[in-house]
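Structure data follow from query_30.txt (compact mmCIF, C-alpha atoms and all ligand atoms):
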# COMPACT_ATOMS: atom_id res chain seq x y z
CA MET E 218 78.22 -106.63 18.24
CA THR E 219 80.71 -104.45 16.46
CA ALA E 220 83.07 -103.62 19.27
CA THR E 221 86.25 -102.38 17.64
CA ALA E 222 88.98 -100.00 18.74
CA THR E 223 87.04 -97.12 17.31
CA ASP E 224 83.85 -97.90 19.24
CA LYS E 225 82.79 -96.10 22.34
CA THR E 226 84.21 -97.69 25.44
CA TRP E 227 82.04 -100.54 26.55
CA THR E 228 81.30 -100.75 30.24
CA ILE E 229 79.69 -103.57 32.22
CA GLU E 230 76.50 -101.53 32.34
CA SER E 231 76.36 -100.68 28.65
CA LEU E 232 77.17 -104.25 27.66
CA VAL E 233 74.38 -105.63 29.86
CA LYS E 234 71.95 -103.11 28.46
CA TRP E 235 72.94 -103.87 24.89
CA ALA E 236 72.68 -107.64 25.41
CA THR E 237 69.31 -107.24 27.17
CA ASP E 238 67.87 -105.21 24.30
CA ASP E 239 69.28 -107.64 21.77
CA PHE E 240 67.80 -110.67 23.57
CA ARG E 241 64.45 -108.90 23.97
CA THR E 242 64.09 -108.11 20.29
CA ARG E 243 64.79 -111.77 19.55
CA GLY E 244 61.98 -112.94 21.84
CA ILE E 245 64.14 -114.48 24.57
CA GLU E 246 62.02 -114.91 27.68
CA ASN E 247 64.07 -113.28 30.46
CA PRO E 248 66.39 -110.95 28.56
CA ARG E 249 67.74 -108.93 31.48
CA LEU E 250 68.27 -111.96 33.71
CA ASP E 251 70.06 -113.87 30.96
CA ALA E 252 72.26 -110.88 30.13
CA GLU E 253 73.22 -110.40 33.78
CA VAL E 254 73.90 -114.08 34.38
CA ILE E 255 76.04 -114.36 31.26
CA VAL E 256 78.04 -111.19 31.95
CA ALA E 257 78.57 -112.01 35.62
CA TRP E 258 79.69 -115.52 34.80
CA ALA E 259 82.00 -114.47 31.96
CA LEU E 260 83.68 -111.84 34.16
CA GLY E 261 83.81 -114.11 37.19
CA ILE E 262 81.90 -111.66 39.34
CA ASP E 263 78.80 -111.82 41.51
CA ARG E 264 75.62 -110.50 39.89
CA VAL E 265 75.36 -107.60 42.40
CA ARG E 266 78.71 -106.29 41.10
CA ILE E 267 77.01 -105.52 37.79
CA ILE E 268 75.28 -102.60 39.48
CA ILE E 269 78.13 -101.64 41.81
CA ASP E 270 80.83 -101.81 39.11
CA GLY E 271 78.53 -100.84 36.24
CA LYS E 272 80.85 -98.07 35.03
CA ARG E 273 83.92 -100.30 34.81
CA PRO E 274 85.24 -100.41 31.23
CA LEU E 275 85.63 -103.82 29.59
CA MET E 276 88.96 -104.96 28.16
CA GLY E 277 89.31 -106.27 24.64
CA GLU E 278 89.61 -109.85 25.77
CA GLU E 279 86.55 -109.63 28.01
CA LEU E 280 84.59 -108.11 25.17
CA ALA E 281 85.62 -110.89 22.82
CA ARG E 282 84.49 -113.53 25.30
CA LEU E 283 81.20 -111.76 25.92
CA ARG E 284 80.59 -111.27 22.24
CA ASP E 285 80.90 -115.02 21.71
CA LEU E 286 78.54 -115.84 24.60
CA VAL E 287 75.92 -113.31 23.51
CA LYS E 288 76.03 -114.77 20.00
CA ARG E 289 75.44 -118.26 21.35
CA ARG E 290 72.55 -117.17 23.57
CA ARG E 291 71.09 -115.21 20.69
CA ALA E 292 71.02 -118.46 18.72
CA ARG E 293 69.02 -119.80 21.70
CA GLU E 294 71.63 -121.99 23.31
CA PRO E 295 70.48 -122.42 26.94
CA VAL E 296 72.33 -120.30 29.51
CA ALA E 297 73.08 -123.47 31.46
CA TYR E 298 75.07 -124.85 28.53
CA LEU E 299 76.95 -121.57 28.14
CA ARG E 300 77.95 -121.66 31.78
CA GLY E 301 78.43 -125.42 31.76
CA GLU E 302 76.51 -125.74 34.99
CA ARG E 303 73.10 -125.39 36.58
CA GLU E 304 71.98 -125.19 40.17
CA PHE E 305 69.58 -127.85 41.42
CA TYR E 306 68.43 -128.18 45.01
CA GLY E 307 71.21 -125.85 46.12
CA ARG E 308 74.03 -127.73 44.38
CA ARG E 309 75.84 -126.97 41.15
CA PHE E 310 75.59 -129.64 38.48
CA VAL E 311 77.83 -129.78 35.45
CA VAL E 312 75.72 -129.82 32.27
CA ASP E 313 76.28 -129.81 28.54
CA LYS E 314 74.40 -130.92 25.45
CA ARG E 315 74.67 -134.58 26.48
CA VAL E 316 72.03 -134.05 29.20
CA LEU E 317 68.75 -132.29 29.83
CA VAL E 318 69.19 -129.12 31.89
CA PRO E 319 67.85 -129.79 35.42
CA ARG E 320 64.54 -127.93 35.97
CA PRO E 321 63.28 -126.54 39.28
CA ASP E 322 60.11 -128.62 38.65
CA THR E 323 62.17 -131.75 39.15
CA GLU E 324 62.95 -130.72 42.74
CA THR E 325 59.35 -131.77 43.41
CA LEU E 326 60.28 -135.33 42.39
CA VAL E 327 63.10 -135.28 44.94
CA GLU E 328 60.76 -133.95 47.64
CA VAL E 329 58.10 -136.58 46.99
CA ALA E 330 60.63 -139.41 46.88
CA MET E 331 62.18 -138.35 50.20
CA ALA E 332 58.86 -137.66 51.91
CA ARG E 333 57.37 -141.02 50.93
CA THR E 334 60.43 -142.95 52.12
CA ALA E 335 61.24 -140.85 55.21
CA HIS E 336 60.39 -143.69 57.63
CA ARG E 337 62.94 -146.04 56.06
CA SER E 338 65.62 -143.59 55.09
CA MET E 339 68.46 -145.37 56.92
CA SER E 340 68.62 -148.52 54.83
CA LEU E 341 67.07 -147.33 51.63
CA ARG E 342 68.04 -148.92 48.34
CA ALA E 343 66.88 -146.84 45.42
CA LEU E 344 67.01 -146.79 41.64
CA ASP E 345 66.87 -143.63 39.53
CA LEU E 346 65.95 -144.31 35.89
CA CYS E 347 66.67 -141.87 33.04
CA THR E 348 69.11 -140.15 35.36
CA GLY E 349 70.55 -137.69 32.80
CA SER E 350 72.79 -135.25 34.68
CA GLY E 351 72.19 -137.38 37.80
CA CYS E 352 70.49 -134.48 39.57
CA VAL E 353 67.74 -136.58 41.20
CA ALA E 354 69.92 -139.51 42.29
CA ILE E 355 72.78 -137.34 43.51
CA THR E 356 70.52 -134.93 45.40
CA ILE E 357 68.79 -137.76 47.27
CA ALA E 358 72.16 -139.38 47.94
CA ARG E 359 73.58 -136.17 49.39
CA GLN E 360 70.48 -135.36 51.42
CA ARG E 361 70.47 -138.90 52.83
CA PRO E 362 74.07 -140.11 53.15
CA THR E 363 73.05 -143.58 54.39
CA VAL E 364 70.95 -144.55 51.37
CA GLN E 365 72.35 -146.50 48.45
CA ILE E 366 71.31 -145.35 45.03
CA HIS E 367 71.85 -146.85 41.63
CA ALA E 368 71.28 -144.61 38.62
CA THR E 369 70.85 -145.66 35.01
CA ASP E 370 70.41 -144.09 31.62
CA VAL E 371 70.17 -145.44 28.10
CA SER E 372 72.74 -142.84 27.01
CA PRO E 373 76.36 -143.60 27.96
CA ASP E 374 77.13 -139.94 27.17
CA ALA E 375 74.63 -138.80 29.80
CA LEU E 376 76.05 -141.26 32.32
CA ALA E 377 79.51 -139.76 31.85
CA VAL E 378 78.09 -136.40 32.95
CA ALA E 379 76.21 -137.99 35.87
CA ARG E 380 79.37 -139.75 37.05
CA GLU E 381 81.30 -136.50 36.92
CA ASN E 382 78.60 -134.81 38.99
CA ALA E 383 78.58 -137.59 41.57
CA GLN E 384 82.32 -137.26 41.95
CA ARG E 385 82.37 -133.47 42.11
CA LEU E 386 79.53 -133.40 44.63
CA GLY E 387 80.93 -136.20 46.77
CA ALA E 388 77.95 -138.53 46.26
CA TYR E 389 79.89 -141.71 46.99
CA ASN E 390 76.68 -143.66 47.68
CA VAL E 391 75.57 -143.54 44.03
CA SER E 392 76.57 -146.13 41.43
CA PHE E 393 75.79 -146.15 37.72
CA SER E 394 75.14 -148.45 34.79
CA ALA E 395 73.94 -147.94 31.22
CA GLY E 396 70.88 -149.59 29.79
CA ASP E 397 67.30 -149.22 28.60
CA LEU E 398 65.24 -148.84 31.80
CA PHE E 399 65.28 -152.12 33.74
CA ALA E 400 67.58 -153.78 31.20
CA ALA E 401 70.45 -151.95 32.93
CA LYS E 402 72.32 -154.00 35.51
CA VAL E 403 71.04 -153.06 38.98
CA PRO E 404 73.03 -154.32 42.00
CA TRP E 405 70.00 -155.24 44.14
CA PRO E 406 67.00 -157.43 43.31
CA LYS E 407 64.49 -155.46 45.40
CA LEU E 408 64.27 -151.72 45.88
CA GLU E 409 62.50 -149.44 48.34
CA LEU E 410 62.34 -146.57 45.87
CA ILE E 411 62.31 -146.06 42.12
CA THR E 412 62.41 -142.51 40.74
CA ALA E 413 62.34 -141.37 37.12
CA ASN E 414 62.07 -138.18 35.12
CA PRO E 415 61.58 -139.92 31.79
CA PRO E 416 61.12 -138.23 28.42
CA TYR E 417 57.42 -137.28 28.33
CA ILE E 418 56.87 -134.77 25.51
CA ALA E 419 54.48 -136.14 22.87
CA SER E 420 56.42 -136.54 19.60
CA ALA E 421 53.97 -134.28 17.73
CA ASP E 422 54.52 -131.49 20.29
CA PHE E 423 58.28 -131.60 19.90
CA GLU E 424 58.36 -128.98 17.14
CA THR E 425 56.33 -126.58 19.30
CA LEU E 426 58.88 -126.53 22.13
CA MET E 427 60.92 -123.37 22.70
CA PRO E 428 63.91 -123.34 20.34
CA ASP E 429 66.18 -123.32 23.40
CA VAL E 430 64.88 -126.78 24.26
CA ARG E 431 64.06 -128.13 20.80
CA ASP E 432 67.32 -127.17 19.10
CA PHE E 433 69.78 -127.80 21.92
CA GLU E 434 68.62 -130.31 24.51
CA PRO E 435 68.85 -134.03 23.70
CA ARG E 436 65.73 -135.27 21.95
CA LEU E 437 66.28 -138.65 23.56
CA ALA E 438 65.65 -137.01 26.95
CA LEU E 439 62.43 -135.32 25.83
CA ASP E 440 60.51 -137.38 23.27
CA GLY E 441 58.06 -139.71 25.00
CA GLY E 442 56.49 -141.22 21.87
CA PRO E 443 53.05 -140.56 20.30
CA ASP E 444 51.24 -139.58 23.54
CA GLY E 445 54.35 -138.80 25.59
CA LEU E 446 53.65 -141.72 27.91
CA ALA E 447 55.58 -144.53 26.19
CA LEU E 448 58.33 -144.61 28.80
CA VAL E 449 55.94 -143.93 31.69
CA GLN E 450 53.87 -146.94 30.65
CA ARG E 451 56.88 -149.21 30.48
CA ILE E 452 58.17 -148.04 33.85
CA VAL E 453 54.79 -148.56 35.56
CA ALA E 454 54.44 -152.02 34.00
CA GLU E 455 57.95 -153.21 34.88
CA ALA E 456 58.63 -151.50 38.22
CA PRO E 457 56.71 -153.94 40.48
CA ALA E 458 59.10 -156.80 39.61
CA HIS E 459 61.90 -154.69 41.15
CA LEU E 460 60.13 -153.21 44.18
CA ALA E 461 60.21 -154.55 47.72
CA ALA E 462 56.92 -154.71 49.62
CA GLY E 463 55.93 -151.13 50.38
CA GLY E 464 58.42 -149.81 47.83
CA VAL E 465 57.62 -146.47 46.23
CA LEU E 466 57.52 -145.48 42.58
CA ALA E 467 57.71 -141.72 41.90
CA LEU E 468 57.51 -140.35 38.37
CA GLU E 469 57.80 -136.86 36.94
CA ILE E 470 55.28 -136.26 34.17
CA GLY E 471 54.21 -133.40 31.89
CA ALA E 472 51.34 -130.95 32.24
CA GLY E 473 48.05 -132.75 31.62
CA GLN E 474 49.46 -136.27 32.09
CA ALA E 475 48.73 -136.72 35.81
CA ALA E 476 45.29 -138.31 35.55
CA ALA E 477 46.37 -140.81 32.89
CA THR E 478 49.52 -141.68 34.85
CA ALA E 479 47.69 -142.08 38.15
CA ALA E 480 45.23 -144.39 36.38
CA LEU E 481 48.12 -146.48 35.06
CA LEU E 482 49.58 -146.89 38.56
CA ALA E 483 46.20 -147.77 40.08
CA ALA E 484 45.45 -150.30 37.32
CA ARG E 485 48.85 -151.92 37.86
CA GLY E 486 48.03 -152.37 41.57
CA PHE E 487 49.89 -149.47 43.19
CA ARG E 488 48.33 -148.09 46.37
CA ASP E 489 48.15 -144.60 47.82
CA VAL E 490 48.54 -143.14 44.36
CA THR E 491 49.18 -139.43 44.82
CA THR E 492 49.69 -136.47 42.51
CA THR E 493 51.90 -133.58 43.64
CA ARG E 494 52.11 -130.10 42.13
CA ASP E 495 55.36 -128.30 41.33
CA TYR E 496 56.30 -124.69 42.28
CA GLY E 497 54.27 -123.48 39.30
CA LYS E 498 51.18 -125.37 40.59
CA VAL E 499 51.32 -127.85 37.70
CA GLU E 500 50.59 -131.50 38.54
CA ARG E 501 54.12 -132.79 38.12
CA VAL E 502 54.76 -135.95 40.11
CA VAL E 503 52.69 -139.12 40.43
CA SER E 504 53.72 -141.65 43.05
CA GLY E 505 52.41 -144.87 44.54
CA ALA E 506 53.42 -147.70 46.85
CA TRP E 507 53.71 -151.34 45.82
CA GLU E 508 52.13 -153.88 48.16
CA ASP E 509 52.81 -157.48 47.22
N1 LIG E 601 60.27 -130.45 31.58
C1 LIG E 601 60.90 -130.61 30.31
C2 LIG E 601 60.38 -129.57 29.33
O1 LIG E 601 59.43 -128.92 29.60
C3 LIG E 601 60.67 -132.02 29.77
C4 LIG E 601 61.42 -133.01 30.57
C5 LIG E 601 61.13 -134.41 30.19
O2 LIG E 601 60.66 -134.77 29.09
N2 LIG E 601 61.38 -135.27 31.11
O3 LIG E 601 60.95 -129.33 28.31

Spell out the structure here as structure tokens.
Amino acid sequence: MTATATDKTWTIESLVKWATDDFRTRGIENPRLDAEVIVAWALGIDRVRIIIDGKRPLMGEELARLRDLVKRRRAREPVAYLRGEREFYGRRFVVDKRVLVPRPDTETLVEVAMARTAHRSMSLRALDLCTGSGCVAITIARQRPTVQIHATDVSPDALAVARENAQRLGAYNVSFSAGDLFAAKVPWPKLELITANPPYIASADFETLMPDVRDFEPRLALDGGPDGLALVQRIVAEAPAHLAAGGVLALEIGAGQAAATAALLAARGFRDVTTTRDYGKVERVVSGAWED
């Protein structure tokens, strides 16, 4: 953008239009939505005000801030990182490059975990592996204030974000520790629920991801080894040692991985192995119950 004193006066409307066109020519997926979200956030206004106040001129300082944000988005930085937050299950989570941006698909993991443990929700002790921003653990904790949840991640940087989210969202029934899957210190020997959204992208597919993901989100949170299932395999193998009788394991997996994952759970001795589709109808969550 070349917004100088000699330029035409920029208004909210013209800025949104300019950013939309710019994003579109660069192949960004939802150019108008991104432009509106960025402008509304930068100006501290609701998105509907963009239409209502479309003719309002922008001040120099607002323009400077918007110019910086548009430049970052143009370089494909995710909107969630620009805003520093992302909504998940109706709550706002703080996010930055230390954690994967929470996806709507992952709400399916929350739904499955809660549905499969509904009958024992009062005294539930749960573990959330690969917690990242903490969105899964914190959402379950807030939806079910009587459960106790421990959340772990191999990345201490990610855990710092998750802790901040737990505090901001008042999830006092979540505790945290760092470590590689079950090597992390968990306060209870037996659990009624284990959830995980592990990295599951096959290493060879990493380069084909959208630049927004590939160039900005943590590779550690995405790369699941040669077939994408390295972490899934380890979790399925090790989970039974930590599950109480009837305890549930629920895993988010990638498109095309459901059959292989369900087979892993069945072979390990899990019962009632079920696959659940996300909002986009993709098989997204595989879950099973452990019977000793
Ligand atoms: N759903 C993410 C993506 O499509 C991947 C998340 C993960 O590996 N757990 O980029």

Check which residues of chain E sit at most 7 Å from ligand LIG 601 (chain E) using only C-alpha atoms and all ligand atoms, and return one row each with the closest pair of atoms and their distance in Å to one decimal, ordered by chain and rising number, as a Markdown table.
| residue | atom | partner | partner_atom | distance |
| --- | --- | --- | --- | --- |
| E:Arg320 | CA | E:LIG601 | N1 | 6.6 |
| E:Asn414 | CA | E:LIG601 | N2 | 5.0 |
| E:Pro415 | CA | E:LIG601 | N2 | 4.7 |
| E:Pro416 | CA | E:LIG601 | O2 | 3.6 |
| E:Tyr417 | CA | E:LIG601 | O2 | 4.2 |
| E:Ile418 | CA | E:LIG601 | O2 | 5.2 |
| E:Val430 | CA | E:LIG601 | O3 | 6.2 |
| E:Ala438 | CA | E:LIG601 | O2 | 5.9 |
| E:Leu439 | CA | E:LIG601 | O2 | 3.8 |
| E:Asp440 | CA | E:LIG601 | O2 | 6.4 |
| E:Gly441 | CA | E:LIG601 | O2 | 6.9 |
| E:Ile470 | CA | E:LIG601 | N2 | 6.9 |
| E:Gly471 | CA | E:LIG601 | N1 | 6.7 |

For E:Glu508: contacts at 9 Å, only C-alpha atoms, fewer than 5 positions along chain excluded, given as JSON, numbers by chain: {"E": [457, 460, 461, 462, 463, 464, 486, 487, 488]}

Can you spit out the residues from that selection as a PDB file, in the coordinates of the input, using C-alpha atoms?
ATOM      1  CA  PRO E 457      56.710-153.940  40.480  1.00  0.00           C
ATOM      2  CA  LEU E 460      60.130-153.210  44.180  1.00  0.00           C
ATOM      3  CA  ALA E 461      60.210-154.550  47.720  1.00  0.00           C
ATOM      4  CA  ALA E 462      56.920-154.710  49.620  1.00  0.00           C
ATOM      5  CA  GLY E 463      55.930-151.130  50.380  1.00  0.00           C
ATOM      6  CA  GLY E 464      58.420-149.810  47.830  1.00  0.00           C
ATOM      7  CA  GLY E 486      48.030-152.370  41.570  1.00  0.00           C
ATOM      8  CA  PHE E 487      49.890-149.470  43.190  1.00  0.00           C
ATOM      9  CA  ARG E 488      48.330-148.090  46.370  1.00  0.00           C
TER      10      ARG E 488
END

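Comparing E:Ala413, E:Ala458, E:Ile267, E:Val503 by their smallest distance to E:Ala476, the closest is E:Val503 (using all atoms listed in the file).
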
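Considering only C-alpha atoms, the residue among E:Arg333, E:Arg308, E:Arg289, E:Lys272 positioned nearest to E:Gly505 is E:Arg333.
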
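Distances to E:Asp495 were evaluated for E:Gly244, E:Asp239, E:Arg385, E:Glu469 using only C-alpha atoms, and the minimum falls at E:Glu469.
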
Write out as a list in words each polymer residue whose atoms come within 10 Å of stretch 323-325 of chain E, counting only C-alpha atoms; drop sequence neighbours fewer than 6 positions from it. Phe305, Tyr306, Met331, Cys352, Val353, Thr356, Ala413, Asn414, Leu468, Glu469, Ile470, Thr493, Arg494, Asp495, Tyr496, Arg501 and Val502 of chain E

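Atom pair atom CA of E:Ile229 / atom CA of E:Ala259 has a distance of 11.1 Å (rounded to one decimal).
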
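Of the listed residues (E:Arg293, E:Arg436, E:Arg485, E:Arg359), E:Arg485 comes nearest to E:Ile452; the distances count all atoms listed in the file.
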